[in-house]
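Here's coords-v9.txt, which has compact mmCIF, C-alpha atoms:
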```txt
# COMPACT_ATOMS: atom_id res chain seq x y z
CA MET A 15 110.64 68.95 56.82
CA ARG A 16 109.96 71.40 54.00
CA ASP A 17 108.74 70.30 50.57
CA ARG A 18 110.67 73.06 48.77
CA LYS A 19 114.33 73.37 49.69
CA VAL A 20 115.56 76.62 51.18
CA TYR A 21 119.26 77.47 51.16
CA ILE A 22 121.44 80.00 52.94
CA LEU A 23 123.61 81.82 50.44
CA GLY A 24 125.71 83.54 53.12
CA GLY A 25 125.69 85.82 56.14
CA LEU A 26 127.45 88.87 57.52
CA ARG A 27 127.46 90.72 60.82
CA SER A 28 128.96 93.82 62.38
CA HIS A 29 131.22 93.72 65.37
CA ILE A 30 129.13 93.70 68.53
CA GLY A 31 129.50 96.83 70.61
CA ILE A 32 128.71 97.28 74.26
CA ARG A 33 126.06 99.85 75.19
CA TYR A 34 127.57 103.34 74.93
CA GLY A 35 130.61 101.84 73.24
CA ILE A 36 131.89 102.02 69.65
CA PHE A 37 128.40 102.30 68.10
CA LYS A 38 126.85 104.51 70.79
CA SER A 39 125.67 107.17 68.31
CA VAL A 40 124.99 104.91 65.31
CA ARG A 41 121.30 104.41 64.57
CA PRO A 42 120.37 100.73 64.15
CA GLU A 43 118.98 101.27 60.66
CA VAL A 44 122.30 102.81 59.60
CA LEU A 45 124.40 100.02 61.10
CA GLY A 46 122.07 97.35 59.75
CA GLY A 47 121.88 99.01 56.37
CA ARG A 48 125.65 98.93 55.95
CA VAL A 49 125.74 95.20 56.79
CA ALA A 50 122.79 94.37 54.52
CA ALA A 51 124.15 96.35 51.58
CA GLU A 52 127.60 94.77 51.81
CA LEU A 53 126.15 91.28 52.07
CA CYS A 54 124.04 91.78 48.95
CA ARG A 55 127.00 93.35 47.14
CA ARG A 56 129.19 90.34 47.89
CA TYR A 57 126.65 88.01 46.32
CA SER A 58 125.53 90.42 43.58
CA VAL A 59 121.84 90.08 44.45
CA VAL A 60 118.86 92.33 45.07
CA PRO A 61 116.43 90.60 47.46
CA ASP A 62 112.72 90.18 46.84
CA LEU A 63 112.03 91.05 50.48
CA CYS A 64 113.75 92.03 53.72
CA ILE A 65 112.58 90.79 57.13
CA CYS A 66 114.27 92.62 59.99
CA GLY A 67 114.21 91.85 63.70
CA ASN A 68 114.26 94.72 66.18
CA ALA A 69 113.21 94.73 69.83
CA VAL A 70 114.06 98.05 71.49
CA GLY A 71 114.09 100.58 68.67
CA PRO A 72 111.84 103.61 68.37
CA GLY A 73 109.15 101.62 66.56
CA GLY A 74 107.94 101.86 63.02
CA ASN A 75 109.31 99.75 60.17
CA ILE A 76 113.06 99.85 60.75
CA GLY A 77 113.56 97.17 58.10
CA ARG A 78 112.15 99.43 55.41
CA LEU A 79 114.06 102.44 56.71
CA LEU A 80 117.23 100.34 56.73
CA LEU A 81 116.84 99.52 53.02
CA LEU A 82 116.16 103.13 52.08
CA GLU A 83 119.10 104.39 54.19
CA SER A 84 121.49 102.04 52.41
CA GLY A 85 120.42 102.60 48.81
CA PHE A 86 118.37 99.50 48.00
CA PRO A 87 115.88 99.90 45.13
CA GLU A 88 112.56 101.33 46.31
CA ARG A 89 110.74 98.30 44.89
CA VAL A 90 112.24 96.02 47.60
CA PRO A 91 109.68 95.74 50.42
CA ALA A 92 110.53 95.12 54.05
CA PHE A 93 108.85 94.55 57.36
CA THR A 94 110.06 94.52 60.94
CA LEU A 95 109.17 91.99 63.60
CA ASP A 96 109.57 91.96 67.37
CA LEU A 97 109.93 88.60 69.08
CA GLN A 98 112.32 90.18 71.57
CA CYS A 99 115.50 88.07 71.90
CA ALA A 100 114.35 85.67 69.16
CA SER A 101 113.53 88.38 66.60
CA GLY A 102 116.48 87.69 64.29
CA LEU A 103 115.95 83.94 64.31
CA ALA A 104 112.21 84.39 63.74
CA ALA A 105 113.05 86.61 60.75
CA ILE A 106 115.06 83.76 59.24
CA ASP A 107 112.21 81.32 59.99
CA MET A 108 109.68 83.59 58.27
CA ALA A 109 112.00 84.13 55.30
CA ALA A 110 112.36 80.37 54.88
CA GLY A 111 108.59 80.03 55.00
CA ARG A 112 108.10 82.63 52.27
CA ILE A 113 110.57 80.85 50.03
CA ALA A 114 109.19 77.39 50.80
CA ALA A 115 105.72 78.67 49.91
CA GLY A 116 106.99 79.82 46.51
CA GLN A 117 106.35 83.51 47.22
CA CYS A 118 109.99 84.65 47.07
CA ASP A 119 113.29 83.46 45.67
CA VAL A 120 115.73 85.69 47.59
CA VAL A 121 115.05 87.06 51.07
CA LEU A 122 117.31 89.16 53.27
CA ALA A 123 116.69 88.22 56.91
CA GLY A 124 118.26 89.19 60.21
CA GLY A 125 118.14 92.15 62.54
CA ALA A 126 119.62 95.36 63.87
CA GLU A 127 119.67 96.70 67.40
CA SER A 128 120.99 99.59 69.44
CA ALA A 129 120.76 99.39 73.22
CA SER A 130 122.70 102.66 73.28
CA LEU A 131 119.85 104.49 71.54
CA GLN A 132 116.98 102.60 73.18
CA PRO A 133 114.20 105.15 73.73
CA LYS A 134 112.31 105.43 76.98
CA ARG A 135 108.59 104.76 76.85
CA ILE A 136 105.71 106.05 78.93
CA TYR A 137 102.21 104.74 79.49
CA ALA A 138 99.19 106.90 78.72
CA ASP A 139 97.77 108.64 81.79
CA HIS A 140 94.59 106.55 81.63
CA ASP A 141 96.46 103.22 81.32
CA GLU A 142 96.11 101.38 84.63
CA ARG A 143 99.70 100.15 84.33
CA ALA A 144 100.92 103.70 84.85
CA LYS A 145 99.93 103.28 88.49
CA LEU A 146 101.36 99.77 88.87
CA ARG A 147 104.93 100.61 87.91
CA ASN A 148 107.07 103.57 87.03
CA PRO A 149 105.12 105.05 84.10
CA GLU A 150 108.45 105.61 82.31
CA PHE A 151 109.78 102.20 81.33
CA THR A 152 112.19 100.39 79.01
CA ALA A 153 110.92 96.79 79.04
CA ALA A 154 107.47 95.89 77.74
CA GLN A 155 105.11 93.68 79.71
CA PHE A 156 105.62 90.01 78.81
CA MET A 157 103.13 88.14 81.01
CA PRO A 158 99.99 88.95 82.99
CA GLY A 159 100.62 90.40 86.42
CA GLU A 160 104.34 91.16 85.92
CA PHE A 161 105.26 94.72 85.10
CA GLY A 162 108.86 95.44 86.09
CA ASP A 163 111.83 96.19 83.86
CA ASP A 164 113.56 93.26 85.58
CA ALA A 165 111.05 90.67 84.29
CA MET A 166 113.64 88.76 82.23
CA LEU A 167 116.09 88.70 85.14
CA LEU A 168 113.43 87.24 87.42
CA GLY A 169 112.48 84.72 84.74
CA ALA A 170 116.08 83.57 84.56
CA GLU A 171 116.27 83.26 88.36
CA ARG A 172 113.11 81.14 88.38
CA ALA A 173 114.49 79.02 85.55
CA ALA A 174 117.72 78.43 87.47
CA LYS A 175 115.77 77.33 90.52
CA ALA A 176 113.48 75.06 88.47
CA ALA A 177 116.43 73.44 86.68
CA GLY A 178 118.57 73.15 89.81
CA ILE A 179 121.36 75.37 88.45
CA THR A 180 123.79 76.64 91.09
CA ARG A 181 125.79 79.87 91.09
CA GLU A 182 128.94 77.80 90.59
CA GLU A 183 127.49 76.04 87.52
CA ALA A 184 126.36 79.34 86.05
CA ASP A 185 129.76 80.93 86.65
CA GLU A 186 131.51 77.95 85.07
CA ALA A 187 129.32 78.30 81.97
CA ALA A 188 130.13 82.01 81.79
CA LEU A 189 133.86 81.38 82.07
CA ARG A 190 133.69 78.69 79.39
CA SER A 191 131.92 81.08 77.02
CA GLN A 192 134.49 83.83 77.55
CA MET A 193 137.45 81.51 77.05
CA LEU A 194 136.01 79.95 73.89
CA ALA A 195 135.19 83.38 72.47
CA LYS A 196 138.72 84.56 73.28
CA ASP A 197 140.20 81.60 71.38
CA ALA A 198 137.82 82.08 68.45
CA SER A 199 138.71 85.76 68.24
CA GLU A 200 142.44 85.09 68.36
CA ASN A 201 142.12 82.38 65.70
CA GLY A 202 139.96 84.54 63.45
CA ILE A 203 137.22 81.96 63.02
CA PHE A 204 134.65 84.64 62.17
CA ARG A 205 137.00 87.00 60.33
CA ASP A 206 135.30 86.53 56.95
CA VAL A 207 131.78 87.10 58.27
CA ILE A 208 132.42 90.28 60.28
CA LEU A 209 132.25 93.70 58.64
CA PRO A 210 134.26 96.39 60.50
CA LEU A 211 132.24 99.60 60.61
CA PHE A 212 132.63 103.08 62.09
CA GLY A 213 136.13 102.25 63.34
CA SER A 214 135.21 98.97 65.03
CA THR A 215 138.02 96.45 65.43
CA ARG A 216 136.64 93.80 67.81
CA ASP A 217 133.62 92.49 69.69
CA GLU A 218 133.75 94.74 72.72
CA ALA A 219 132.15 92.48 75.32
CA ILE A 220 134.75 89.69 75.18
CA ARG A 221 136.80 89.67 78.40
CA PRO A 222 140.05 87.76 77.74
CA ARG A 223 141.11 88.08 81.39
CA MET A 224 137.93 86.68 82.88
CA SER A 225 138.67 84.30 85.75
CA ARG A 226 136.91 82.35 88.48
CA LYS A 227 138.00 84.97 91.02
CA LEU A 228 136.42 87.77 89.00
CA LEU A 229 133.26 85.72 88.61
CA GLU A 230 133.10 85.11 92.34
CA ARG A 231 133.38 88.85 93.03
CA ALA A 232 130.70 89.87 90.53
CA PRO A 233 127.70 91.58 92.17
CA ARG A 234 124.27 90.03 92.06
CA VAL A 235 121.71 91.73 89.81
CA THR A 236 118.42 90.77 91.51
CA ASP A 237 116.92 90.54 94.99
CA PHE A 238 115.51 87.08 94.20
CA GLN A 239 115.82 84.80 97.23
CA ASP A 240 118.85 82.51 96.79
CA GLY A 241 119.36 84.09 93.36
CA ILE A 242 122.38 83.18 91.24
CA LEU A 243 122.42 85.91 88.58
CA THR A 244 125.37 88.30 88.58
CA ALA A 245 126.78 90.96 86.31
CA ALA A 246 129.23 88.33 85.00
CA ASN A 247 126.94 85.37 84.33
CA SER A 248 124.32 87.54 82.59
CA CYS A 249 124.94 89.07 79.17
CA THR A 250 125.70 92.72 78.56
CA MET A 251 123.47 95.16 76.66
CA ASN A 252 124.69 95.67 73.13
CA ASP A 253 124.58 97.23 69.68
CA GLY A 254 124.96 95.22 66.48
CA ALA A 255 123.51 94.01 63.19
CA ALA A 256 123.53 90.71 61.32
CA PHE A 257 121.84 89.45 58.14
CA LEU A 258 121.66 86.34 55.98
CA LEU A 259 120.56 85.78 52.40
CA LEU A 260 118.16 82.88 51.89
CA VAL A 261 117.41 81.56 48.41
CA SER A 262 115.16 79.01 46.76
CA GLU A 263 116.41 75.83 45.12
CA ALA A 264 115.09 77.11 41.78
CA TRP A 265 117.12 80.32 42.13
CA ALA A 266 120.25 78.38 43.03
CA ASP A 267 119.80 76.04 40.05
CA GLU A 268 119.19 78.95 37.68
CA HIS A 269 122.39 80.64 38.84
CA GLU A 270 124.33 77.36 38.92
CA ILE A 271 125.15 77.84 42.59
CA THR A 272 125.29 75.17 45.28
CA PRO A 273 124.90 76.98 48.62
CA ALA A 274 126.78 75.40 51.51
CA PHE A 275 123.80 75.31 53.87
CA GLU A 276 120.18 74.24 53.71
CA ILE A 277 117.48 75.08 56.24
CA ALA A 278 116.17 71.64 57.11
CA ASP A 279 113.41 72.64 59.53
CA THR A 280 112.22 75.33 61.92
CA ARG A 281 110.17 75.33 65.10
CA ILE A 282 108.45 77.91 67.29
CA ILE A 283 106.80 76.88 70.54
CA GLY A 284 105.08 78.42 73.50
CA SER A 285 106.12 77.42 77.02
CA ASP A 286 105.83 78.53 80.64
CA PRO A 287 106.22 82.35 80.62
CA LYS A 288 107.53 82.27 84.20
CA VAL A 289 110.72 80.48 83.08
CA PRO A 290 111.42 81.69 79.51
CA PRO A 291 115.09 80.58 79.32
CA LEU A 292 114.00 76.93 79.26
CA ALA A 293 112.07 77.45 76.01
CA ALA A 294 115.15 77.19 73.77
CA ASP A 295 115.90 73.57 74.57
CA ALA A 296 112.21 72.69 74.52
CA ALA A 297 111.96 74.02 70.96
CA VAL A 298 115.02 72.06 69.85
CA SER A 299 113.74 68.89 71.51
CA GLU A 300 110.44 69.14 69.66
CA MET A 301 112.18 69.92 66.37
CA LEU A 302 114.56 66.98 66.63
CA GLU A 303 111.75 64.60 67.51
CA ALA A 304 109.76 65.75 64.49
CA ASN A 305 112.76 64.95 62.28
CA GLN A 306 113.50 61.62 63.98
CA LEU A 307 116.83 62.90 65.22
CA THR A 308 118.58 62.70 68.58
CA TYR A 309 120.85 65.24 70.23
CA GLU A 310 123.81 63.04 69.34
CA ASP A 311 122.95 63.45 65.65
CA ILE A 312 123.66 67.19 65.89
CA ASP A 313 127.26 68.29 65.40
CA ALA A 314 126.88 71.84 66.74
CA PHE A 315 124.36 73.69 68.87
CA GLU A 316 124.09 77.47 69.19
CA TYR A 317 121.86 78.53 72.07
CA ASN A 318 121.69 82.25 72.71
CA GLU A 319 122.88 82.47 76.31
CA ALA A 320 121.44 85.75 77.51
CA PHE A 321 121.89 84.15 80.92
CA ALA A 322 124.32 81.39 81.94
CA VAL A 323 121.39 79.31 83.12
CA ILE A 324 120.59 78.56 79.45
CA SER A 325 123.93 76.92 78.65
CA ALA A 326 124.33 75.45 82.15
CA HIS A 327 120.92 73.80 81.81
CA PHE A 328 121.83 72.35 78.40
CA MET A 329 125.13 70.91 79.65
CA LYS A 330 123.47 69.45 82.72
CA LYS A 331 120.60 67.92 80.74
CA HIS A 332 122.65 66.68 77.77
CA PRO A 333 126.12 65.81 79.14
CA GLU A 334 126.82 63.49 76.21
CA VAL A 335 126.88 66.47 73.81
CA ALA A 336 127.82 69.29 76.21
CA GLY A 337 131.00 70.01 74.26
CA ARG A 338 129.00 70.67 71.09
CA LEU A 339 127.23 73.69 72.57
CA ASN A 340 128.41 77.20 71.68
CA GLN A 341 131.84 75.97 70.62
CA ALA A 342 133.15 79.48 70.00
CA GLY A 343 131.41 81.11 72.94
CA ASN A 344 128.08 82.91 72.83
CA ALA A 345 126.19 85.90 74.23
CA LEU A 346 127.83 85.74 77.66
CA ALA A 347 131.01 86.72 75.85
CA TYR A 348 129.96 88.49 72.64
CA GLY A 349 126.92 90.23 74.04
CA HIS A 350 123.30 90.18 72.98
CA PRO A 351 122.06 92.82 70.48
CA TYR A 352 118.49 91.54 70.90
CA GLY A 353 116.96 91.78 67.43
CA ALA A 354 120.19 90.82 65.67
CA SER A 355 121.27 87.91 67.88
CA GLY A 356 119.37 85.22 65.99
CA ALA A 357 121.13 86.04 62.73
CA GLU A 358 124.44 86.37 64.54
CA ILE A 359 124.28 82.91 66.11
CA MET A 360 123.15 81.39 62.80
CA ILE A 361 126.23 82.87 61.13
CA HIS A 362 128.39 81.50 63.93
CA LEU A 363 126.74 78.09 63.63
CA MET A 364 127.58 77.87 59.94
CA GLU A 365 131.21 78.84 60.49
CA ILE A 366 131.56 76.31 63.32
CA LEU A 367 130.10 73.54 61.17
CA ARG A 368 132.63 74.41 58.49
CA GLU A 369 135.48 74.53 61.01
CA LYS A 370 134.51 71.21 62.61
CA GLU A 371 133.45 69.61 59.30
CA GLY A 372 130.04 68.88 60.81
CA ARG A 373 126.82 68.15 58.94
CA LEU A 374 123.87 69.17 61.17
CA GLY A 375 123.48 72.19 63.41
CA ALA A 376 120.73 73.63 65.60
CA ALA A 377 120.29 77.28 66.57
CA ALA A 378 117.85 78.27 69.30
CA ILE A 379 116.74 81.30 71.27
CA PRO A 380 114.28 81.65 74.15
CA ALA A 381 112.20 84.82 74.11
CA ALA A 382 110.35 86.86 76.69
CA GLY A 383 106.90 85.55 77.50
CA GLY A 384 107.92 81.91 77.12
CA VAL A 385 108.49 81.47 73.37
CA GLY A 386 111.19 79.23 71.93
CA GLU A 387 112.49 79.55 68.36
CA ALA A 388 114.77 76.94 66.77
CA ILE A 389 116.21 76.26 63.31
CA LEU A 390 117.87 73.10 62.01
CA VAL A 391 120.51 73.56 59.29
CA LYS A 392 122.31 71.03 57.13
CA ARG A 393 125.73 71.60 55.59
CA THR A 394 125.39 70.45 52.00
CA GLU A 395 129.17 70.38 51.55
CA ALA A 396 129.29 67.49 54.05
CA GLU A 397 127.18 65.36 51.69
CA GLU A 398 129.44 65.71 48.65
```

Full structure transcribed into structure tokens:
Amino acid sequence: MRDRKVYILGGLRSHIGIRYGIFKSVRPEVLGGRVAAELCRRYSVVPDLCICGNAVGPGGNIGRLLLLESGFPERVPAFTLDLQCASGLAAIDMAAGRIAAGQCDVVLAGGAESASLQPKRIYADHDERAKLRNPEFTAAQFMPGEFGDDAMLLGAERAAKAAGITREEADEAALRSQMLAKDASENGIFRDVILPLFGSTRDEAIRPRMSRKLLERAPRVTDFQDGILTAANSCTMNDGAAFLLLVSEAWADEHEITPAFEIADTRIIGSDPKVPPLAADAAVSEMLEANQLTYEDIDAFEYNEAFAVISAHFMKKHPEVAGRLNQAGNALAYGHPYGASGAEIMIHLMEILREKEGRLGAAAIPAAGGVGEAILVKRTEAEE
């Protein structure tokens, strides 16, 4: 638990586009800048700092570029971090730490990503890895001895095997996610936290007509022996941006504001890099234990389901709270704009807690290389 309280003032995200879809030509710093600027406008604040997650951009400090593109004062600093899938959630964690340490009062945290504009990379001629794989690559190396662009797919296959997840269980998790996302979209649960941009009208990856028959026909995506991953129970590649504003208790008191959510704790762990999808639940387990909480104490869980094995594993391991996971669907339906996903699922978690009148929520993401990031939030409105 943190000595100084850290609150979430609010959050905002773009629609999530599929690769080469509605945002195919929109640079991530432009998309993210629009979201960040509108969020700060809504709350009439200028942040002390911006922390921006980005995993597959062209490099450099996209967070700083994002602020400059969108008209923030030059005095607002920014830095960009890459924890792959967990980048956006790690940005929120780091923002909370800055505020808890008394270094900032208002921090803009989240991420922006464009799979559509992902640049290709190439190893230097004298790098030994240029001879071990195609020297032109898109995915970085995440663990010793593994060099392929399909490293995360293979990690998910190994995780499924280790956790005993079948193709049928993975497909069922994927169908559940699509159906819940369809209902959430039709009911407008996230209407107030989505900013339409560049003509966007919906999250493009949601498939309202998904069915068991379509899932059964989906092609496999690896050559892993007895593999279960398919094009339908793995997430799509996406473009999107999402940010939150975190504030100190002193700032909230000074402005006579009572934010609806408090960051109660955060956790980052290292785990087996061969099975990275299992790191999300491991991080949550450690975080709950540290706070003397059980899974049944949590009203809503948001686990970024880049692969169905993540949600299928949770539901198999924690059947007593299976219905509390990803209650409006998750990445299998909305998609996964890597660096932005952590902020996106945190925004979703807050809206679900409001909708369900819950008090405690946990957001978690596993990242390449076997890193798990988790954040525990408390809805202050539930205590009034």

Discussion item. Could you check the closest approach to A:Ala297 for each of A:His269, A:Arg281, A:Arg78, A:Arg27 and tell me which residue wins, using all atoms listed in the file?
Written reply: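 Distance minimum relative to A:Ala297 lands on A:Arg281.
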
Practice prompt. Can you pull out every residue within 7 Å of A:Phe93, counting all atoms listed in the file, but drop anything in the same chain fewer than 5 positions away, and send it as a ChimeraX atom specification?
Written response: /A:64-66,75,77-78

Let's have the selection written as a compact mmCIF listing (two decimals), in the coordinates of the input, with C-alpha atoms.
```txt
# COMPACT_ATOMS: atom_id res chain seq x y z
CA CYS A 64 113.75 92.03 53.72
CA ILE A 65 112.58 90.79 57.13
CA CYS A 66 114.27 92.62 59.99
CA ASN A 75 109.31 99.75 60.17
CA GLY A 77 113.56 97.17 58.10
CA ARG A 78 112.15 99.43 55.41
```

Item to complete: Tell me which protein, DNA and RNA residues are within 10 Å of A:Ala388, counting only C-alpha atoms, leaving out same-chain ones fewer than 4 positions away, and put them as an MDAnalysis selection string.
Response: chainID A and resid 100 103:104 107 279:283 293:302 316:317 356 376:380

Discussion item. Just checking: using all atoms listed in the file, which residue out of A:Met329, A:Leu258, A:Ala165, A:Ala188 ends up closest to A:Tyr21?
Written reply: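 Nearest to A:Tyr21: A:Leu258.
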
Fill in: atom CA of A:Thr94 to atom CA of A:Phe257, straight-line distance in Å
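Atom CA of A:Thr94 lies at a distance of 13.1 Å from atom CA of A:Phe257.
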
Worksheet item: Please, which residues are within 12 Å of (135.0, 102.9, 59.1) by the file's coordinates, counting only C-alpha atoms, and could they come as a PyMOL selection string?
Response: chain A and resi 28-29+36-37+40+45+48+209-215

Grab the residues selected above and save them as a short mmCIF file (atom, residue, chain, number, x, y, z; two decimals), in the frame of the given file with C-alpha atoms.
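Result file selection_35.cif:
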```
data_model
loop_
_atom_site.label_atom_id
_atom_site.label_comp_id
_atom_site.auth_asym_id
_atom_site.auth_seq_id
_atom_site.Cartn_x
_atom_site.Cartn_y
_atom_site.Cartn_z
CA SER A 28 128.96 93.82 62.38
CA HIS A 29 131.22 93.72 65.37
CA ILE A 36 131.89 102.02 69.65
CA PHE A 37 128.40 102.30 68.10
CA VAL A 40 124.99 104.91 65.31
CA LEU A 45 124.40 100.02 61.10
CA ARG A 48 125.65 98.93 55.95
CA LEU A 209 132.25 93.70 58.64
CA PRO A 210 134.26 96.39 60.50
CA LEU A 211 132.24 99.60 60.61
CA PHE A 212 132.63 103.08 62.09
CA GLY A 213 136.13 102.25 63.34
CA SER A 214 135.21 98.97 65.03
CA THR A 215 138.02 96.45 65.43
#
```

Worksheet item: Distance atom CA of A:Ser285-atom CA of A:Glu387, one decimal place?
Response: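 These atoms are spaced 11.0 Å apart.
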
For the contact check between stretch 46-77 of chain A and stretch 125-130 of chain A, emit one row per residue of stretch 46-77 of chain A within 7 Å, containing the shortest atom pair and the distance in Å rounded to one decimal, counting all atoms listed in the file, chain then rising number order, as JSON lines.
```
{"residue": "A:Gly46", "atom": "CA", "partner": "A:Ala126", "partner_atom": "CA", "distance": 5.2}
{"residue": "A:Cys66", "atom": "CA", "partner": "A:Gly125", "partner_atom": "CA", "distance": 4.7}
{"residue": "A:Gly67", "atom": "CA", "partner": "A:Gly125", "partner_atom": "CA", "distance": 4.1}
{"residue": "A:Asn68", "atom": "CA", "partner": "A:Ala126", "partner_atom": "CA", "distance": 5.9}
{"residue": "A:Gly71", "atom": "CA", "partner": "A:Glu127", "partner_atom": "CA", "distance": 6.9}
```

Worksheet item: Using all atoms listed in the file, can you list as a list of chain:residue names the residues within 6 Å of (117.1, 80.2, 49.1)?
Response: A:Val20, A:Tyr21, A:Ile22, A:Val120, A:Leu260, A:Val261, A:Ser262, A:Glu263

Worksheet item: To one decimal place, how far is atom CA of A:Asp217 from atom CA of A:Glu200 in Å?
Response: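 Atom CA of A:Glu200 lies 11.6 Å from atom CA of A:Asp217.
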
Discussion item. Just want the 12 Å neighbourhood of A:Glu218, counted on only C-alpha atoms, with same-chain residues fewer than 6 positions away dropped. Output as a PyMOL selection string.
Written reply: chain A and resi 28-37+192+195-196+199+250-254+345-350

Near stretch 115-118 of chain A, counting all atoms listed in the file, which residues have an atom at most 12 Å away, once you skip same-chain residues fewer than 3 positions from it, shown as a PDB file with C-alpha atoms, keeping the file's coordinate frame?
```pdb
ATOM      1  CA  ARG A  16     109.960  71.400  54.000  1.00  0.00           C
ATOM      2  CA  ASP A  17     108.740  70.300  50.570  1.00  0.00           C
ATOM      3  CA  ARG A  18     110.670  73.060  48.770  1.00  0.00           C
ATOM      4  CA  LYS A  19     114.330  73.370  49.690  1.00  0.00           C
ATOM      5  CA  VAL A  20     115.560  76.620  51.180  1.00  0.00           C
ATOM      6  CA  VAL A  60     118.860  92.330  45.070  1.00  0.00           C
ATOM      7  CA  PRO A  61     116.430  90.600  47.460  1.00  0.00           C
ATOM      8  CA  ASP A  62     112.720  90.180  46.840  1.00  0.00           C
ATOM      9  CA  LEU A  63     112.030  91.050  50.480  1.00  0.00           C
ATOM     10  CA  CYS A  64     113.750  92.030  53.720  1.00  0.00           C
ATOM     11  CA  VAL A  90     112.240  96.020  47.600  1.00  0.00           C
ATOM     12  CA  PRO A  91     109.680  95.740  50.420  1.00  0.00           C
ATOM     13  CA  MET A 108     109.680  83.590  58.270  1.00  0.00           C
ATOM     14  CA  ALA A 109     112.000  84.130  55.300  1.00  0.00           C
ATOM     15  CA  ALA A 110     112.360  80.370  54.880  1.00  0.00           C
ATOM     16  CA  GLY A 111     108.590  80.030  55.000  1.00  0.00           C
ATOM     17  CA  ARG A 112     108.100  82.630  52.270  1.00  0.00           C
ATOM     18  CA  VAL A 121     115.050  87.060  51.070  1.00  0.00           C
ATOM     19  CA  LEU A 122     117.310  89.160  53.270  1.00  0.00           C
ATOM     20  CA  LEU A 259     120.560  85.780  52.400  1.00  0.00           C
ATOM     21  CA  LEU A 260     118.160  82.880  51.890  1.00  0.00           C
ATOM     22  CA  VAL A 261     117.410  81.560  48.410  1.00  0.00           C
ATOM     23  CA  SER A 262     115.160  79.010  46.760  1.00  0.00           C
ATOM     24  CA  GLU A 263     116.410  75.830  45.120  1.00  0.00           C
ATOM     25  CA  ALA A 264     115.090  77.110  41.780  1.00  0.00           C
ATOM     26  CA  TRP A 265     117.120  80.320  42.130  1.00  0.00           C
TER      27      TRP A 265
END
```

Worksheet item: Using only C-alpha atoms, which residues sit within 9 Å of A:Thr180 once same-chain residues fewer than 3 positions away are excluded, as JSON, numbers by chain?
Response: {"A": [174, 175, 183, 184, 185, 241, 242, 323]}

Fill in: From A:Glu358, A:Glu395, A:Glu303, A:Glu171, residue lying nearest A:Pro290 [only C-alpha atoms]
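When distances to A:Pro290 are compared using only C-alpha atoms, the smallest one comes from A:Glu171.
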
Worksheet item: So, counting only C-alpha atoms, which residue among A:Arg226, A:Ala266, A:Ser248, A:Ile389 is closest to A:Ser325?
Response: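 Once distances to A:Ser325 are computed over only C-alpha atoms, the minimum belongs to A:Ser248.
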
Discussion item. Calculated over all atoms listed in the file, which of the candidates A:Arg56, A:Arg231, A:Arg393, A:Lys134 has the smallest distance to A:Pro273?
Written reply: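 Between A:Arg56, A:Arg231, A:Arg393, A:Lys134, the residue approaching A:Pro273 most closely is A:Arg393.
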
Item to complete: Go through A:Phe151, A:Tyr137, A:Phe204, A:Phe156 one by one, measure the shortest atom-to-atom distance of each to A:Glu369 using only C-alpha atoms, and give the residue with the smallest value.
Response: A:Phe204
